[in-house]
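Trainee: Have a look at this one before I ask anything.
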Amino acid sequence: MSIFFGVDIGGTSVKTALVSGDGEVLAKEPFETFPDRGYRDLCVRLKKSLEGAVSTAGIDIKQVSAIGVGVPAFIDIEQGVVVEAVNLGWYDVPFQEALQEIAGLPVVLENDANVAALGETWIGGGRGAKTALCVTVGTGVGGGIVIDGKLHRGVNGMAGEIGHLVLMKDGGPQCNCGNRGCLETLASATSIVREAKERQQQGQLPPDANIFGAEDVFKLAQMGHEAAQQVIGTAADWLGYGLALSAVTLNPDRIVIGGGVSTAGEQLLGPVREAFARYALTRTVEAAVVLPAQLGNDAGVIGAARLALQALR
Ligand SMILES: [Zn+2]
């Protein structure tokens, strides 16, 4: 059976895994990204990672059929070019061609949120969905749409960019995309931390409380701090609103919430479901189950392997 090398490139780390044709992870070989060293250097290190994983899994490298890569970027699928990866500082990078040449295997590129969506609908929280909307809530908010097991990219790969729905149209926080008031600026880990720190400066949260990540804000909320509960309630409301706008258009049967913030579980999902039900049409809400992602940090590498598998067919 064919084996695929799934790659999930992030700003600080690159996750890689050899994945079997039925989604089993055989070996992982992550490494640090160092985006400043350039994309060709990263390709060389990806080849080493592949060789390391092949050795760990105890397989023959000839069994590896293709490489799938998720990149936090806008991607020109036809040209295999990373058009814009703000977190990596890469612009118009011919990554597909470079990695194919260096690794000697077919390579397929895709946006990281789309790849995670493919993973979750293959063997995770979206398995068996007819129409799935998969949302990743972490540093940013990403989204991917999978219909009958296939990624819905739109005409130039921009479908499912739920994080950039402008929800606050009169101003709002500045977004990386250049707009203001995008969902990503209202419901990401970054925004939860930003809001909580503001509340702390206003004396509404204990001055000695460490607020480094969204998980710290969830903890403060669990301890009964009202300001932290409000911050999370507001973020959940925006997220539910964004889901409602998307779902009214898409009419999905499954909405899968993943990413770092989703590890808060029902503390987040409960109020998100309430907001979703409030803002969407009743029949839309009745059709859609909102549930947590299941693959955690492996969603990207598993989805990238799925991408490679589908490309070979
Ligand atoms: Zn934006």
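Residues in the structure tokens are named by chain (A, B, ... in the order shown) and by number from 1 within that chain; ligands are numbered from 1 in the order shown.
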If the limit is 9 Å from any atom of ligand 1, counting only C-alpha atoms and all ligand atoms, which residues qualify? Return them as a list in words.
Mentor: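 Every residue with an atom at most 9 Å from ligand 1 is listed here: Glu161, Gly163, His164, Leu165, Val166, Gln174, Cys175, Asn176, Cys177, Gly178, Asn179, Arg180, Gly181, Cys182, Leu183, Glu184 and Thr185 of chain A.
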Trainee: For stretch 240-257 of chain A, please output as number ranges by chain all residues within 9 Å (counting only C-alpha atoms; exclusion window: fewer than 3 positions along the same chain).
Mentor: A: 117, 120-121, 125-126, 129-137, 145, 147, 160, 162-163, 165, 167, 183, 235-237, 262, 269, 271-281, 283-294
Trainee: Give me the residues of stretch 104-196 of chain A that have any atom at most 8 Å from an atom of stretch 206-224 of chain A; for each, the nearest atom pair and the distance in Å, rounded to one decimal. Use only C-alpha atoms, sort by chain and number, and format it as a Markdown table.
Mentor:
```
| residue | atom | partner | partner_atom | distance |
| --- | --- | --- | --- | --- |
| A:Ala189 | CA | A:Ala214 | CA | 5.1 |
| A:Thr190 | CA | A:Ala214 | CA | 7.4 |
| A:Ile192 | CA | A:Ala214 | CA | 5.9 |
| A:Val193 | CA | A:Ala214 | CA | 5.6 |
| A:Ala196 | CA | A:Val217 | CA | 6.8 |
```
Trainee: Those residues with C-alpha atoms, as a PDB file, in the first residue's frame please?
Mentor:
```pdb
ATOM      1  CA  ALA A 189      -6.372  33.287  20.741  1.00  0.00           C
ATOM      2  CA  THR A 190      -4.579  36.537  19.950  1.00  0.00           C
ATOM      3  CA  ILE A 192      -8.772  36.786  23.586  1.00  0.00           C
ATOM      4  CA  VAL A 193      -5.368  37.537  25.131  1.00  0.00           C
ATOM      5  CA  ALA A 196      -8.032  40.078  28.686  1.00  0.00           C
TER       6      ALA A 196
END
```
Trainee: Within 6 Å of A:Gly119, counting only C-alpha atoms, which residues qualify if same-chain residues fewer than 3 places away don't, as a list in words?
Mentor: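 The neighbour list is Ala116, Trp122, Ala299, Ile302 and Gly303 of chain A.
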Trainee: With all heavy atoms retained, could you export that selection as a PDB file, in the first residue's frame?
Mentor:
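Ended up saving to again_12.pdb:
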```pdb
ATOM      1  N   ALA A 116      -6.040  20.939   7.122  1.00  0.00           N
ATOM      2  CA  ALA A 116      -6.599  20.459   8.399  1.00  0.00           C
ATOM      3  C   ALA A 116      -8.049  19.991   8.199  1.00  0.00           C
ATOM      4  O   ALA A 116      -8.471  18.978   8.766  1.00  0.00           O
ATOM      5  CB  ALA A 116      -6.536  21.564   9.449  1.00  0.00           C
ATOM      6  N   TRP A 122     -11.510  13.321   6.896  1.00  0.00           N
ATOM      7  CA  TRP A 122     -11.069  11.972   6.515  1.00  0.00           C
ATOM      8  C   TRP A 122     -11.240  11.006   7.687  1.00  0.00           C
ATOM      9  O   TRP A 122     -12.002  10.041   7.594  1.00  0.00           O
ATOM     10  CB  TRP A 122      -9.604  12.035   6.052  1.00  0.00           C
ATOM     11  CG  TRP A 122      -9.064  10.764   5.470  1.00  0.00           C
ATOM     12  CD1 TRP A 122      -9.774   9.728   4.929  1.00  0.00           C
ATOM     13  CD2 TRP A 122      -7.681  10.410   5.351  1.00  0.00           C
ATOM     14  NE1 TRP A 122      -8.908   8.756   4.490  1.00  0.00           N
ATOM     15  CE2 TRP A 122      -7.619   9.145   4.729  1.00  0.00           C
ATOM     16  CE3 TRP A 122      -6.475  11.053   5.696  1.00  0.00           C
ATOM     17  CZ2 TRP A 122      -6.407   8.504   4.458  1.00  0.00           C
ATOM     18  CZ3 TRP A 122      -5.275  10.420   5.415  1.00  0.00           C
ATOM     19  CH2 TRP A 122      -5.251   9.154   4.801  1.00  0.00           C
ATOM     20  N   ALA A 299      -3.899  17.021  12.710  1.00  0.00           N
ATOM     21  CA  ALA A 299      -4.849  17.294  11.624  1.00  0.00           C
ATOM     22  C   ALA A 299      -4.121  17.735  10.359  1.00  0.00           C
ATOM     23  O   ALA A 299      -4.453  17.293   9.254  1.00  0.00           O
ATOM     24  CB  ALA A 299      -5.858  18.357  12.048  1.00  0.00           C
ATOM     25  N   ILE A 302      -1.969  14.767   8.692  1.00  0.00           N
ATOM     26  CA  ILE A 302      -2.876  13.736   8.179  1.00  0.00           C
ATOM     27  C   ILE A 302      -3.633  14.278   6.955  1.00  0.00           C
ATOM     28  O   ILE A 302      -3.763  13.609   5.938  1.00  0.00           O
ATOM     29  CB  ILE A 302      -3.844  13.254   9.286  1.00  0.00           C
ATOM     30  CG1 ILE A 302      -3.056  12.475  10.351  1.00  0.00           C
ATOM     31  CG2 ILE A 302      -4.953  12.375   8.705  1.00  0.00           C
ATOM     32  CD1 ILE A 302      -3.857  12.088  11.577  1.00  0.00           C
ATOM     33  N   GLY A 303      -4.089  15.526   7.060  1.00  0.00           N
ATOM     34  CA  GLY A 303      -4.786  16.145   5.932  1.00  0.00           C
ATOM     35  C   GLY A 303      -3.869  16.338   4.732  1.00  0.00           C
ATOM     36  O   GLY A 303      -4.288  16.173   3.583  1.00  0.00           O
TER      37      GLY A 303
END
```
Trainee: With distances taken over only C-alpha atoms, which residue among A:Ala53, A:Leu186, A:Val71, A:Leu295 lies nearest A:Asn114?
Mentor: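 For A:Asn114, the nearest of the given residues is A:Val71.
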Trainee: Work out how far apart atom CA of A:Phe95 and atom CA of A:Val81 are and give it in Å to one decimal.
Mentor: 5.8 Å
